[in-house]
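What follows is the content of coords_9.tsv, which has TSV, C-alpha atoms:
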```tsv
chain	number	residue	atom	x	y	z
K	19	MET	CA	-3.23	15.07	-2.98
K	20	ASP	CA	-0.87	17.93	-2.21
K	21	VAL	CA	2.32	16.54	-3.75
K	22	LEU	CA	2.91	13.86	-6.37
K	23	ILE	CA	6.17	11.93	-6.01
K	24	ALA	CA	7.60	10.14	-9.03
K	25	SER	CA	10.87	8.52	-10.04
K	26	VAL	CA	12.41	9.98	-13.20
K	27	MET	CA	15.56	9.58	-15.27
K	28	VAL	CA	17.51	12.82	-15.68
K	29	PRO	CA	20.86	13.79	-17.25
K	30	ARG	CA	23.70	13.29	-14.80
K	31	SER	CA	25.08	16.41	-13.19
K	32	ASP	CA	28.62	15.01	-13.00
K	33	GLY	CA	29.11	13.73	-16.55
K	34	PRO	CA	27.45	11.99	-19.51
K	35	GLY	CA	24.57	9.57	-19.12
K	36	GLU	CA	21.46	9.52	-16.94
K	37	GLU	CA	20.70	8.90	-13.28
K	38	LEU	CA	17.65	8.13	-11.20
K	39	ALA	CA	16.01	11.03	-9.36
K	40	VAL	CA	12.87	11.63	-7.29
K	41	ALA	CA	10.64	14.46	-8.49
K	42	LEU	CA	8.35	16.31	-6.07
K	43	MET	CA	5.48	17.88	-8.03
K	44	PRO	CA	3.00	20.20	-6.27
K	45	ALA	CA	-0.57	19.26	-7.15
K	46	GLU	CA	-1.34	22.89	-7.96
K	47	GLY	CA	1.74	23.26	-10.17
K	48	GLU	CA	1.57	24.16	-13.83
K	49	GLY	CA	1.15	21.11	-16.05
K	50	VAL	CA	-0.45	18.93	-13.34
K	51	SER	CA	-4.19	18.29	-13.73
K	52	VAL	CA	-6.61	15.96	-11.96
K	53	GLY	CA	-9.85	14.67	-13.46
K	54	GLY	CA	-12.45	12.00	-12.78
K	55	THR	CA	-12.39	8.67	-14.61
K	56	GLY	CA	-15.91	7.52	-13.83
K	57	ALA	CA	-14.62	4.63	-11.72
K	58	GLU	CA	-14.70	6.27	-8.27
K	59	SER	CA	-11.12	7.41	-8.78
K	60	GLU	CA	-9.26	10.29	-10.36
K	61	GLN	CA	-6.70	10.51	-13.14
K	62	VAL	CA	-3.56	12.59	-12.72
K	63	THR	CA	-2.19	13.99	-15.98
K	64	LEU	CA	1.30	15.46	-16.37
K	65	ASP	CA	1.88	17.75	-19.35
K	66	ASP	CA	5.33	19.37	-19.73
K	67	VAL	CA	5.77	19.87	-15.99
K	68	LEU	CA	8.75	22.08	-15.18
K	69	LEU	CA	10.37	21.67	-11.75
K	70	PRO	CA	12.91	23.90	-10.03
K	71	PRO	CA	16.16	22.12	-9.01
K	72	GLU	CA	15.23	22.14	-5.32
K	73	LEU	CA	12.25	19.83	-6.05
K	74	LEU	CA	14.42	17.20	-7.72
K	75	VAL	CA	16.34	14.79	-5.46
K	76	ARG	CA	19.17	13.15	-7.40
K	77	THR	CA	20.55	9.77	-6.38
K	78	SER	CA	24.05	11.22	-6.65
K	79	ASP	CA	23.14	13.58	-3.80
K	80	LEU	CA	22.30	10.71	-1.40
K	81	ASP	CA	25.91	9.85	-0.47
K	82	GLY	CA	25.47	6.10	-0.89
K	83	GLN	CA	22.21	5.99	1.07
K	84	LEU	CA	20.03	5.02	-1.91
K	85	ASP	CA	19.70	1.35	-0.92
K	86	VAL	CA	18.77	2.34	2.64
K	87	LEU	CA	16.19	4.86	1.47
K	88	LEU	CA	14.64	2.52	-1.08
K	89	THR	CA	14.43	-0.31	1.44
K	90	ALA	CA	12.74	1.98	3.96
K	91	GLY	CA	10.40	3.39	1.35
K	92	PHE	CA	9.30	-0.02	0.07
K	93	ALA	CA	8.82	-1.40	3.60
K	94	TRP	CA	6.73	1.57	4.72
K	95	TYR	CA	4.74	1.50	1.47
K	96	GLN	CA	3.78	-2.15	2.00
K	97	LEU	CA	2.78	-1.37	5.58
K	98	LEU	CA	0.74	1.74	4.73
K	99	MET	CA	-1.14	0.06	1.87
K	100	THR	CA	-1.82	-3.00	4.01
K	101	GLY	CA	-3.06	-0.86	6.90
K	102	SER	CA	-5.29	1.29	4.68
K	103	HIS	CA	-7.18	-1.62	3.12
K	104	LEU	CA	-7.28	-3.52	6.40
K	105	GLY	CA	-8.71	-0.46	8.16
K	106	ALA	CA	-11.62	-0.31	5.73
K	107	ALA	CA	-12.24	-4.03	6.19
K	108	SER	CA	-12.17	-3.56	9.97
K	109	ALA	CA	-14.93	-0.95	9.67
K	110	LEU	CA	-17.04	-3.54	7.85
K	111	VAL	CA	-16.33	-6.15	10.52
K	112	GLU	CA	-17.27	-3.67	13.24
K	113	ARG	CA	-20.72	-3.33	11.67
K	114	VAL	CA	-21.07	-7.11	11.71
K	115	LEU	CA	-20.06	-7.28	15.39
K	116	LEU	CA	-22.76	-4.75	16.28
K	117	ASP	CA	-25.46	-6.63	14.36
K	118	GLN	CA	-27.25	-8.90	16.83
K	119	ARG	CA	-28.87	-10.80	13.97
K	120	VAL	CA	-25.52	-12.39	13.11
K	121	PRO	CA	-24.76	-15.60	15.06
K	122	GLU	CA	-22.03	-15.28	17.68
K	123	SER	CA	-19.90	-17.94	16.01
K	124	GLU	CA	-19.80	-15.93	12.76
K	125	ARG	CA	-18.96	-12.70	14.57
K	126	VAL	CA	-16.14	-14.30	16.54
K	127	GLN	CA	-14.72	-15.95	13.41
K	128	LEU	CA	-14.54	-12.61	11.59
K	129	LEU	CA	-13.04	-10.90	14.64
K	130	VAL	CA	-10.32	-13.52	15.07
K	131	GLU	CA	-9.22	-13.36	11.43
K	132	THR	CA	-9.28	-9.56	11.32
K	133	GLU	CA	-7.39	-9.13	14.58
K	134	GLY	CA	-4.82	-11.69	13.47
K	135	ALA	CA	-4.18	-9.75	10.27
K	136	MET	CA	-3.99	-6.47	12.20
K	137	SER	CA	-1.53	-7.90	14.71
K	138	ALA	CA	0.74	-9.05	11.88
K	139	ALA	CA	0.75	-5.54	10.38
K	140	GLU	CA	1.41	-3.96	13.77
K	141	GLY	CA	4.32	-6.36	14.23
K	142	VAL	CA	5.98	-5.02	11.06
K	143	ALA	CA	5.47	-1.44	12.26
K	144	ARG	CA	7.09	-2.23	15.62
K	145	ARG	CA	9.97	-3.98	13.89
K	146	ILE	CA	10.65	-0.90	11.74
K	147	ASP	CA	10.51	1.37	14.80
K	148	ASP	CA	12.75	-0.88	16.88
K	149	SER	CA	15.48	-1.82	14.44
K	150	GLY	CA	14.96	0.19	11.28
K	151	PRO	CA	13.94	-1.12	7.85
K	152	ASP	CA	16.65	-3.49	6.65
K	153	GLU	CA	16.35	-6.16	3.95
K	154	SER	CA	14.90	-8.66	6.40
K	155	THR	CA	12.21	-6.20	7.48
K	156	LEU	CA	11.32	-5.47	3.86
K	157	ALA	CA	10.91	-9.20	3.20
K	158	HIS	CA	8.74	-9.51	6.31
K	159	SER	CA	6.57	-6.59	5.18
K	160	LEU	CA	5.96	-8.43	1.91
K	161	TYR	CA	5.10	-11.68	3.70
K	162	VAL	CA	2.57	-9.85	5.86
K	163	ARG	CA	1.13	-7.85	2.96
K	164	TYR	CA	0.42	-11.00	0.93
K	165	CYS	CA	-0.94	-12.78	4.01
K	166	VAL	CA	-3.32	-9.89	4.74
K	167	GLN	CA	-4.24	-9.78	1.05
K	168	ASP	CA	-5.45	-13.38	1.29
K	169	ALA	CA	-7.26	-12.69	4.56
K	170	LEU	CA	-9.13	-9.73	3.07
K	171	SER	CA	-10.30	-11.87	0.17
K	172	ARG	CA	-12.16	-13.94	2.77
K	173	ILE	CA	-13.09	-11.29	5.35
K	174	VAL	CA	-14.68	-8.68	3.08
K	175	PRO	CA	-17.18	-10.83	1.13
K	176	HIS	CA	-18.05	-12.76	4.30
K	177	ALA	CA	-18.78	-9.54	6.19
K	178	VAL	CA	-20.94	-8.20	3.36
K	179	GLU	CA	-22.86	-11.48	3.20
K	180	LEU	CA	-23.50	-11.50	6.96
K	181	LEU	CA	-24.75	-7.90	6.95
K	182	GLY	CA	-27.53	-8.95	4.57
K	183	ASP	CA	-30.32	-6.53	3.65
K	184	LEU	CA	-29.68	-2.98	4.83
K	185	ASN	CA	-31.41	0.33	4.40
K	186	SER	CA	-30.18	2.53	1.56
K	187	THR	CA	-27.87	4.69	3.68
K	188	ALA	CA	-26.21	1.74	5.40
K	189	SER	CA	-25.98	-0.10	2.09
K	190	GLU	CA	-24.13	2.83	0.50
K	191	GLU	CA	-21.68	2.88	3.44
K	192	VAL	CA	-21.05	-0.84	3.14
K	193	GLY	CA	-20.54	-0.51	-0.60
K	194	HIS	CA	-18.05	2.31	-0.10
K	195	LEU	CA	-16.11	0.40	2.56
K	196	THR	CA	-16.09	-2.72	0.39
K	197	THR	CA	-14.57	-0.76	-2.48
K	198	CYS	CA	-11.94	0.71	-0.14
K	199	ALA	CA	-11.12	-2.66	1.42
K	200	ASN	CA	-10.60	-4.39	-1.91
K	201	GLY	CA	-7.69	-3.74	-4.23
K	202	LEU	CA	-4.62	-4.49	-2.11
K	203	ALA	CA	-3.56	-6.93	-4.83
K	204	LEU	CA	-3.39	-4.03	-7.29
K	205	HIS	CA	-0.51	-2.33	-5.46
K	206	PRO	CA	3.07	-3.10	-6.47
K	207	PRO	CA	4.91	-5.34	-6.24
K	208	ALA	CA	2.45	-8.02	-7.37
K	209	ARG	CA	2.88	-11.44	-5.79
K	210	PRO	CA	3.50	-13.32	-9.09
K	211	GLN	CA	6.36	-10.91	-9.87
K	212	MET	CA	7.89	-11.41	-6.42
K	213	THR	CA	7.69	-15.22	-6.34
K	214	GLY	CA	11.13	-15.69	-7.89
K	215	PRO	CA	12.89	-12.95	-5.87
K	216	LEU	CA	11.40	-14.19	-2.57
K	217	ALA	CA	12.33	-17.79	-3.40
K	218	ALA	CA	15.90	-16.63	-4.07
K	219	TYR	CA	15.95	-14.66	-0.82
K	220	LEU	CA	14.84	-17.71	1.16
K	221	VAL	CA	17.99	-19.53	0.04
K	222	ASP	CA	20.26	-16.65	1.10
K	223	GLY	CA	20.14	-14.65	-2.13
K	224	PRO	CA	19.66	-10.85	-2.22
K	225	LEU	CA	16.11	-9.51	-2.16
K	226	THR	CA	15.23	-7.68	-5.36
K	227	ILE	CA	12.00	-5.79	-6.07
K	228	ILE	CA	10.48	-6.29	-9.52
```
Is it possible to express this structure as structure tokens?
Amino acid sequence: MDVLIASVMVPRSDGPGEELAVALMPAEGEGVSVGGTGAESEQVTLDDVLLPPELLVRTSDLDGQLDVLLTAGFAWYQLLMTGSHLGAASALVERVLLDQRVPESERVQLLVETEGAMSAAEGVARRIDDSGPDESTLAHSLYVRYCVQDALSRIVPHAVELLGDLNSTASEEVGHLTTCANGLALHPPARPQMTGPLAAYLVDGPLTII
């Protein structure tokens, strides 16, 4: 990590009250520390971090573009998280495809499901490039993310099962990829939280992110 980005509430610059702002915190900055948690991840701790004004982007400085920026940010976030976990799963599937011990029918089944999920993610990326991330694109990115989430819950354990007994080095690689492929469900927004907003959107209501 080079920069940590966080949303913060700050005093308004044009009067009383608070407003939303985006803080850009250099990883090497004073008050930012990173330490291991013992769970193959790292903990970022913020302790009285002081930022110069140029590293704080206030919503009042966005000239009414906040909704556009948030929509784009959420859509790209869903796509990037989906692609990251799907990429790790694809590396697992590739190992299965190269294993001649695995029956052809099993290899083809894994390939079809993985390529289908990848094509859906690529479709969202093309849609963003072609027309920009509007509310409809954001909704589509959520549909695809949850669809891929379900696909990974089947693909990853099936791939690990088909790989069977491996030598220690290969087993460590598979374990690492499995850890990387899992966890898409942990990224916001969680599906149970979005059930109501998506149901409202499907009957022509606005799309809200919870």
For this session: Report the distance between CA of Leu216 (chain K) and CA of Ser149 (chain K) in Å, rounded to one decimal place.
Result: 21.4 Å
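Each of K:Glu179, K:Asp147, K:Glu140, K:Glu60 was checked against Val166 (chain K) using all atoms listed in the file; the smallest atom-to-atom distance is that of K:Glu140.
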Spatial sel., origin (-9.6, -0.4, 1.6), limit 8 Å, only C-alpha atoms, listed as an mmCIF file with C-alpha atoms, in the frame of the given file:
```
data_model
loop_
_atom_site.group_PDB
_atom_site.id
_atom_site.type_symbol
_atom_site.label_atom_id
_atom_site.label_comp_id
_atom_site.auth_asym_id
_atom_site.auth_seq_id
_atom_site.Cartn_x
_atom_site.Cartn_y
_atom_site.Cartn_z
ATOM 1 C CA SER K 102 -5.290 1.290 4.680
ATOM 2 C CA HIS K 103 -7.180 -1.620 3.120
ATOM 3 C CA LEU K 104 -7.280 -3.520 6.400
ATOM 4 C CA GLY K 105 -8.710 -0.460 8.160
ATOM 5 C CA ALA K 106 -11.620 -0.310 5.730
ATOM 6 C CA ALA K 107 -12.240 -4.030 6.190
ATOM 7 C CA LEU K 195 -16.110 0.400 2.560
ATOM 8 C CA THR K 196 -16.090 -2.720 0.390
ATOM 9 C CA THR K 197 -14.570 -0.760 -2.480
ATOM 10 C CA CYS K 198 -11.940 0.710 -0.140
ATOM 11 C CA ALA K 199 -11.120 -2.660 1.420
ATOM 12 C CA ASN K 200 -10.600 -4.390 -1.910
ATOM 13 C CA GLY K 201 -7.690 -3.740 -4.230
ATOM 14 C CA LEU K 202 -4.620 -4.490 -2.110
#
```
Long-range neighbours of Gln61 (chain K) as a PDB file with C-alpha atoms, in the frame of the given file, 6 Å cut-off, all atoms listed in the file, 4 positions minimum in chain:
```pdb
ATOM      1  CA  VAL K  52      -6.610  15.960 -11.960  1.00  0.00           C
ATOM      2  CA  GLY K  53      -9.850  14.670 -13.460  1.00  0.00           C
ATOM      3  CA  GLY K  54     -12.450  12.000 -12.780  1.00  0.00           C
TER       4      GLY K  54
END
```
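Nearest residue to Met136 (chain K), choosing from K:Ala169, K:Val114, K:Leu156, K:Leu38 and counting all atoms listed in the file: K:Ala169.
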